[in-house]
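Coordinates from structure09.cif are shown below (mmCIF, C-alpha atoms).
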```
data_input
#
loop_
_atom_site.group_PDB
_atom_site.id
_atom_site.type_symbol
_atom_site.label_atom_id
_atom_site.label_comp_id
_atom_site.auth_asym_id
_atom_site.auth_seq_id
_atom_site.Cartn_x
_atom_site.Cartn_y
_atom_site.Cartn_z
ATOM 1 C CA MET A 951 -20.417 8.942 20.946
ATOM 2 C CA PRO A 952 -23.079 11.682 21.284
ATOM 3 C CA ASP A 953 -22.378 14.133 24.072
ATOM 4 C CA ASN A 954 -25.637 13.309 25.836
ATOM 5 C CA LEU A 955 -25.247 9.520 25.827
ATOM 6 C CA THR A 956 -23.944 7.361 28.673
ATOM 7 C CA THR A 957 -22.995 3.772 27.866
ATOM 8 C CA ILE A 958 -23.093 1.510 30.912
ATOM 9 C CA TYR A 959 -21.684 -2.009 30.967
ATOM 10 C CA LEU A 960 -23.505 -3.558 33.915
ATOM 11 C CA LEU A 961 -21.935 -6.770 35.218
ATOM 12 C CA ARG A 962 -22.922 -9.302 37.813
ATOM 13 C CA HIS A 963 -20.177 -10.476 40.143
ATOM 14 C CA GLY A 964 -18.615 -13.874 39.607
ATOM 15 C CA GLU A 965 -19.267 -17.211 41.280
ATOM 16 C CA THR A 966 -19.094 -17.146 45.094
ATOM 17 C CA VAL A 967 -17.309 -19.702 47.256
ATOM 18 C CA ASN A 968 -20.515 -20.713 49.043
ATOM 19 C CA THR A 969 -22.254 -21.791 45.831
ATOM 20 C CA LEU A 970 -19.763 -24.503 44.865
ATOM 21 C CA ASP A 971 -22.087 -27.160 46.271
ATOM 22 C CA GLY A 972 -24.691 -26.246 43.652
ATOM 23 C CA PRO A 973 -27.570 -24.440 45.362
ATOM 24 C CA LEU A 974 -27.721 -20.672 45.104
ATOM 25 C CA ARG A 975 -27.808 -18.802 48.392
ATOM 26 C CA TYR A 976 -29.456 -15.664 49.667
ATOM 27 C CA ASN A 977 -26.208 -13.832 50.297
ATOM 28 C CA GLY A 978 -27.602 -10.324 50.575
ATOM 29 C CA HIS A 979 -25.108 -8.237 52.585
ATOM 30 C CA PHE A 980 -23.244 -11.397 53.675
ATOM 31 C CA ASP A 981 -19.713 -10.559 52.548
ATOM 32 C CA VAL A 982 -18.691 -13.759 50.794
ATOM 33 C CA ASP A 983 -15.566 -14.189 48.642
ATOM 34 C CA ILE A 984 -15.399 -15.217 44.970
ATOM 35 C CA THR A 985 -13.815 -18.338 43.483
ATOM 36 C CA ALA A 986 -10.741 -18.724 41.287
ATOM 37 C CA LYS A 987 -13.130 -19.310 38.374
ATOM 38 C CA ALA A 988 -14.773 -15.968 39.098
ATOM 39 C CA ARG A 989 -11.428 -14.183 39.188
ATOM 40 C CA ALA A 990 -10.513 -15.654 35.803
ATOM 41 C CA GLN A 991 -13.912 -14.609 34.465
ATOM 42 C CA MET A 992 -13.364 -11.025 35.678
ATOM 43 C CA VAL A 993 -9.932 -10.989 34.023
ATOM 44 C CA GLN A 994 -11.626 -11.953 30.759
ATOM 45 C CA ARG A 995 -14.290 -9.243 31.210
ATOM 46 C CA GLY A 996 -11.519 -6.729 31.869
ATOM 47 C CA LEU A 997 -9.597 -7.724 28.759
ATOM 48 C CA GLU A 998 -12.756 -7.452 26.640
ATOM 49 C CA LEU A 999 -13.632 -4.047 28.071
ATOM 50 C CA SER A 1000 -10.062 -2.741 27.736
ATOM 51 C CA SER A 1001 -10.625 -2.357 23.987
ATOM 52 C CA LEU A 1002 -13.287 0.267 24.715
ATOM 53 C CA ASP A 1003 -12.892 3.822 25.958
ATOM 54 C CA ILE A 1004 -14.029 3.165 29.525
ATOM 55 C CA THR A 1005 -13.515 6.103 31.898
ATOM 56 C CA MET A 1006 -14.630 4.682 35.262
ATOM 57 C CA VAL A 1007 -15.491 1.460 37.054
ATOM 58 C CA TYR A 1008 -18.033 1.415 39.888
ATOM 59 C CA ALA A 1009 -18.655 -1.557 42.158
ATOM 60 C CA SER A 1010 -20.620 -2.513 45.216
ATOM 61 C CA ASP A 1011 -18.320 -2.440 48.227
ATOM 62 C CA LEU A 1012 -19.088 -6.078 49.100
ATOM 63 C CA GLN A 1013 -16.031 -8.143 48.215
ATOM 64 C CA ARG A 1014 -17.698 -10.324 45.591
ATOM 65 C CA CYS A 1015 -18.166 -7.155 43.524
ATOM 66 C CA ARG A 1016 -15.184 -5.186 44.818
ATOM 67 C CA LYS A 1017 -12.680 -7.852 43.798
ATOM 68 C CA GLY A 1018 -14.175 -8.057 40.305
ATOM 69 C CA GLY A 1019 -14.093 -4.274 40.057
ATOM 70 C CA GLU A 1020 -10.449 -4.212 41.102
ATOM 71 C CA ILE A 1021 -9.515 -6.751 38.434
ATOM 72 C CA ILE A 1022 -11.486 -5.011 35.688
ATOM 73 C CA SER A 1023 -10.248 -1.513 36.518
ATOM 74 C CA SER A 1024 -6.645 -2.743 36.529
ATOM 75 C CA LYS A 1025 -7.063 -4.331 33.093
ATOM 76 C CA ILE A 1026 -8.739 -1.207 31.674
ATOM 77 C CA GLY A 1027 -6.412 1.205 33.462
ATOM 78 C CA CYS A 1028 -9.089 3.463 34.916
ATOM 79 C CA PRO A 1029 -10.222 4.380 38.443
ATOM 80 C CA LEU A 1030 -12.472 2.240 40.621
ATOM 81 C CA GLU A 1031 -15.058 3.736 42.960
ATOM 82 C CA LEU A 1032 -16.802 1.573 45.556
ATOM 83 C CA ASN A 1033 -20.433 2.398 46.293
ATOM 84 C CA GLU A 1034 -22.416 0.877 49.172
ATOM 85 C CA ASN A 1035 -25.696 1.958 47.532
ATOM 86 C CA LEU A 1036 -25.031 -0.708 44.869
ATOM 87 C CA ARG A 1037 -25.137 -3.508 47.452
ATOM 88 C CA GLU A 1038 -27.460 -6.457 47.044
ATOM 89 C CA MET A 1039 -30.799 -6.451 48.851
ATOM 90 C CA LYS A 1040 -30.233 -7.149 52.535
ATOM 91 C CA MET A 1041 -31.819 -10.525 53.336
ATOM 92 C CA GLY A 1042 -31.727 -10.505 57.145
ATOM 93 C CA ASP A 1043 -32.388 -13.927 58.677
ATOM 94 C CA TRP A 1044 -31.922 -15.617 55.296
ATOM 95 C CA GLU A 1045 -28.388 -14.420 54.545
ATOM 96 C CA GLY A 1046 -25.945 -17.164 53.582
ATOM 97 C CA LEU A 1047 -28.694 -19.808 53.457
ATOM 98 C CA THR A 1048 -30.114 -21.880 50.615
ATOM 99 C CA LEU A 1049 -33.857 -21.964 49.977
ATOM 100 C CA ALA A 1050 -34.012 -25.467 51.491
ATOM 101 C CA GLU A 1051 -32.297 -24.220 54.647
ATOM 102 C CA VAL A 1052 -34.605 -21.215 54.843
ATOM 103 C CA ARG A 1053 -37.687 -23.444 54.445
ATOM 104 C CA GLU A 1054 -36.447 -25.645 57.279
ATOM 105 C CA ARG A 1055 -35.555 -22.818 59.683
ATOM 106 C CA PHE A 1056 -38.147 -20.165 58.852
ATOM 107 C CA PRO A 1057 -41.195 -21.811 57.225
ATOM 108 C CA GLU A 1058 -43.581 -19.028 58.285
ATOM 109 C CA GLN A 1059 -41.278 -16.357 56.826
ATOM 110 C CA VAL A 1060 -41.087 -18.236 53.525
ATOM 111 C CA GLU A 1061 -44.865 -18.453 53.308
ATOM 112 C CA LYS A 1062 -45.276 -14.726 54.003
ATOM 113 C CA LYS A 1063 -42.463 -13.655 51.672
ATOM 114 C CA PHE A 1064 -43.691 -15.674 48.716
ATOM 115 C CA ALA A 1065 -47.259 -14.456 49.307
ATOM 116 C CA ASP A 1066 -46.135 -10.793 49.205
ATOM 117 C CA PHE A 1067 -42.663 -10.729 47.688
ATOM 118 C CA ILE A 1068 -42.574 -6.956 47.230
ATOM 119 C CA ASN A 1069 -43.770 -5.747 50.620
ATOM 120 C CA TYR A 1070 -43.015 -8.448 53.192
ATOM 121 C CA ARG A 1071 -39.941 -7.739 55.305
ATOM 122 C CA ILE A 1072 -37.849 -10.730 56.343
ATOM 123 C CA PRO A 1073 -36.606 -9.885 59.865
ATOM 124 C CA GLY A 1074 -33.465 -7.777 59.515
ATOM 125 C CA SER A 1075 -33.891 -7.305 55.755
ATOM 126 C CA GLU A 1076 -34.818 -4.632 53.236
ATOM 127 C CA THR A 1077 -38.013 -4.709 51.215
ATOM 128 C CA ILE A 1078 -37.926 -4.517 47.429
ATOM 129 C CA LYS A 1079 -39.292 -0.963 47.569
ATOM 130 C CA GLU A 1080 -36.504 0.093 49.922
ATOM 131 C CA VAL A 1081 -33.890 -1.348 47.579
ATOM 132 C CA GLU A 1082 -35.465 0.507 44.664
ATOM 133 C CA LYS A 1083 -35.283 3.798 46.597
ATOM 134 C CA ARG A 1084 -31.593 3.121 47.165
ATOM 135 C CA ILE A 1085 -30.437 1.944 43.751
ATOM 136 C CA TYR A 1086 -32.525 3.864 41.205
ATOM 137 C CA PRO A 1087 -31.397 7.374 42.239
ATOM 138 C CA GLU A 1088 -27.808 6.161 42.558
ATOM 139 C CA PHE A 1089 -27.858 4.645 39.070
ATOM 140 C CA ASP A 1090 -29.355 7.830 37.601
ATOM 141 C CA LYS A 1091 -26.772 9.980 39.390
ATOM 142 C CA ILE A 1092 -23.885 7.877 38.084
ATOM 143 C CA ALA A 1093 -25.283 7.953 34.535
ATOM 144 C CA ALA A 1094 -25.708 11.734 34.675
ATOM 145 C CA GLN A 1095 -22.121 12.203 35.856
ATOM 146 C CA HIS A 1096 -20.785 10.398 32.785
ATOM 147 C CA ARG A 1097 -22.650 11.889 29.833
ATOM 148 C CA GLY A 1098 -20.717 11.181 26.667
ATOM 149 C CA GLU A 1099 -18.704 8.429 28.358
ATOM 150 C CA ALA A 1100 -18.691 4.659 28.777
ATOM 151 C CA ILE A 1101 -18.474 3.187 32.273
ATOM 152 C CA VAL A 1102 -18.631 -0.174 34.034
ATOM 153 C CA ILE A 1103 -20.760 -1.098 37.056
ATOM 154 C CA VAL A 1104 -20.135 -4.377 38.889
ATOM 155 C CA ALA A 1105 -23.191 -5.201 40.992
ATOM 156 C CA HIS A 1106 -25.405 -8.075 42.134
ATOM 157 C CA GLY A 1107 -28.032 -10.319 40.598
ATOM 158 C CA GLY A 1108 -30.983 -8.799 42.422
ATOM 159 C CA VAL A 1109 -29.796 -5.227 41.896
ATOM 160 C CA ASN A 1110 -29.241 -5.824 38.190
ATOM 161 C CA LEU A 1111 -32.640 -7.467 37.761
ATOM 162 C CA LEU A 1112 -34.374 -4.505 39.373
ATOM 163 C CA LEU A 1113 -32.423 -1.956 37.308
ATOM 164 C CA ILE A 1114 -33.016 -3.761 34.019
ATOM 165 C CA SER A 1115 -36.702 -4.384 34.737
ATOM 166 C CA HIS A 1116 -37.114 -0.715 35.641
ATOM 167 C CA ILE A 1117 -35.485 0.414 32.395
ATOM 168 C CA LEU A 1118 -37.654 -2.005 30.389
ATOM 169 C CA GLY A 1119 -40.787 -0.835 32.194
ATOM 170 C CA LEU A 1120 -41.479 -4.274 33.682
ATOM 171 C CA PRO A 1121 -43.268 -4.571 37.037
ATOM 172 C CA ASN A 1122 -40.943 -5.450 39.904
ATOM 173 C CA THR A 1123 -43.047 -8.578 40.437
ATOM 174 C CA ASN A 1124 -41.632 -9.906 37.144
ATOM 175 C CA ILE A 1125 -37.919 -9.513 37.808
ATOM 176 C CA PHE A 1126 -37.321 -13.264 37.853
ATOM 177 C CA ASN A 1127 -38.526 -13.508 34.258
ATOM 178 C CA LEU A 1128 -34.991 -12.304 33.438
ATOM 179 C CA ASP A 1129 -31.668 -14.049 34.070
ATOM 180 C CA GLN A 1130 -28.396 -12.714 35.470
ATOM 181 C CA ASN A 1131 -25.739 -15.405 35.422
ATOM 182 C CA PHE A 1132 -22.513 -15.114 37.389
ATOM 183 C CA GLY A 1133 -20.114 -12.801 35.546
ATOM 184 C CA CYS A 1134 -22.629 -11.795 32.879
ATOM 185 C CA ILE A 1135 -22.542 -8.419 31.145
ATOM 186 C CA ASN A 1136 -25.414 -6.142 30.105
ATOM 187 C CA GLN A 1137 -25.157 -2.994 28.022
ATOM 188 C CA ILE A 1138 -27.415 -0.020 28.722
ATOM 189 C CA LEU A 1139 -27.638 3.291 26.881
ATOM 190 C CA ILE A 1140 -28.837 6.364 28.781
ATOM 191 C CA GLY A 1141 -29.812 9.551 26.946
ATOM 192 C CA ASP A 1142 -31.477 12.756 28.061
ATOM 193 C CA ASP A 1143 -34.939 11.339 27.455
ATOM 194 C CA PHE A 1144 -34.529 7.572 27.070
ATOM 195 C CA LYS A 1145 -33.009 4.432 28.576
ATOM 196 C CA LYS A 1146 -32.405 1.337 26.480
ATOM 197 C CA VAL A 1147 -31.082 -2.171 27.181
ATOM 198 C CA VAL A 1148 -29.083 -3.263 24.126
ATOM 199 C CA MET A 1149 -27.404 -6.399 25.563
ATOM 200 C CA LEU A 1150 -28.722 -8.690 28.290
ATOM 201 C CA ASN A 1151 -27.092 -11.449 30.372
ATOM 202 C CA SER A 1152 -24.308 -11.959 27.859
ATOM 203 C CA SER A 1153 -21.376 -14.295 28.495
ATOM 204 C CA GLY A 1154 -19.055 -11.663 27.021
ATOM 205 C CA LEU A 1155 -18.590 -8.906 24.487
ATOM 206 C CA HIS A 1156 -18.939 -10.270 20.960
#
```
Would it be possible to restate this file's structure as structure tokens?
Amino acid sequence: MPDNLTTIYLLRHGETVNTLDGPLRYNGHFDVDITAKARAQMVQRGLELSSLDITMVYASDLQRCRKGGEIISSKIGCPLELNENLREMKMGDWEGLTLAEVRERFPEQVEKKFADFINYRIPGSETIKEVEKRIYPEFDKIAAQHRGEAIVIVAHGGVNLLLISHILGLPNTNIFNLDQNFGCINQILIGDDFKKVVMLNSSGLH
């Protein structure tokens, strides 16, 4: 591996216990646990990644990422560092609710948010721009600390979509044109003067 290259395997956490009924929820900073299926999925990710020369695992400190990070780091045999700057976007009033529940409880908020997704602040939440100011410098700092190495980051759907869109040069208004399934893995290469996504929303290393 070139000395100036950082390889980042960016994962989304596994299935959460409050999505077993089907609808996805706006979990945000709501600290929800993962399912047995998610744990098994993280074991598989760890076994796949253990064949590579991974030096460090980072994870959001929310338990749906932390538990995946713990499993993966144990399978690889490398340290785990928890990082609150990798947390999902805080969703305020909407946390833990489905879209249907949000529409029922906060119809005016839904109308305002969908009219100005980037700038409107749900009461108690972060805006997209605030999340970007939190995660982009943190991602760049982590990448710079691991030049010439391969690392793992276990984060959230929204965080991953923003990071990947940013690297691809896509407007933040288009983040939902990309998918991040539970437990997926993305591969990103970071050099001195470039960033490249070489694998996106994969179900595993092939």
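When you apply the PyMOL selection byres ((chain A and resi 994) around 10) to this structure, what comes back is Ala988, Arg989, Ala990, Gln991, Met992, Val993, Arg995, Gly996, Leu997, Glu998, Leu999, Ser1000, Ile1021, Ile1022, Lys1025, Gly1133, Gly1154 and Leu1155 of chain A.
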For a quick check of understanding, using all atoms listed in the file, which of A:Leu1049, A:Ile1004, A:Leu1139, A:Ala1100 has the smallest distance to A:Arg975?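 Checking each of A:Leu1049, A:Ile1004, A:Leu1139, A:Ala1100 against A:Arg975, counting all atoms listed in the file, the winner is A:Leu1049.
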Name all residues at most 10 Å from A:Val1147 (count all atoms listed in the file; drop same-chain ones fewer than 4 positions away) and give them as a list in words.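 Answer for this query is Ile958, Ile1114, Ser1115, Ile1117, Leu1118, Asn1136, Gln1137, Ile1138, Leu1139 and Ile1140 of chain A.
Among A:Phe1144, A:Phe1064, A:Tyr1070, A:Phe980, the residue with the shortest atom-to-atom distance to A:Gly1046, counting all atoms listed in the file, is A:Phe980.
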My list of candidates is A:Thr966, A:Asn1124, A:Thr985, A:Thr1077. Which is closest to A:Lys1040 when distances are computed with all atoms listed in the file?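 Checking each of A:Thr966, A:Asn1124, A:Thr985, A:Thr1077 against A:Lys1040, counting all atoms listed in the file, the winner is A:Thr1077.
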Excluding A:Arg1071 and any residue of its chain fewer than 6 positions from it, enumerate the residues within 10 Å of it, using only C-alpha atoms, and give them as a PyMOL selection string. chain A and resi 1041-1042+1059+1062-1063+1077-1078
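Residue nearest A:Thr1048 within the list A:Asn1127, A:Asn1151, A:Ser1075, A:Asn977: A:Asn977 [criterion: smallest interatomic distance, only C-alpha atoms].
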Do a neighbour search on A:Arg1037 at 8 Å with all atoms listed in the file, toss out local chain neighbours closer than 6 positions, and write the hits as a list in words.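 Final neighbour list, sorted by chain and number: Gly978, His979, Ser1010, Asp1011, Leu1012, Ala1105, His1106 and Val1109 of chain A.
Considering the residues A:Ser1001, A:Thr969, A:Asn1033, A:Asn954 and counting only C-alpha atoms, A:Cys1015 has its shortest atom-to-atom contact with A:Asn1033.
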Taking the file above as input, evaluate the PyMOL selection byres ((chain A and resi 1099) around 9) and report the hits as an MDAnalysis selection string. chainID A and resid 951:958 1003:1006 1096:1098 1100:1101
Around all the atoms of stretch 1078-1083 of chain A listed in the file, with 5 Å of room on each side, what axis-aligned box do you get, giving centre and edge lengths in Å to one decimal, as JSON?
```
{"center_x": -36.6, "center_y": -0.4, "center_z": 47.3, "size_x": 15.4, "size_y": 18.3, "size_z": 15.3}
```
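Here atom CA of A:Ile984 is placed at a distance of 24.8 Å from atom CA of A:His1156.
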Measuring between all atoms listed in the file, which one of A:Pro973, A:Val1104, A:Ala1093, A:Ile1068 shows the shortest distance to A:Leu1030?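 Under the stated criterion, the closest residue is A:Val1104.
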Atom CA of A:Asn1110 and atom CA of A:Val967, how far apart in Å? 20.4 Å
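The set of residues that the PyMOL selection byres ((chain A and resi 1126) around 10) takes from this file is Gly1108, Leu1111, Leu1112, Ser1115, Asn1122, Thr1123, Asn1124, Ile1125, Asn1127, Leu1128, Asp1129 and Gln1130 of chain A.
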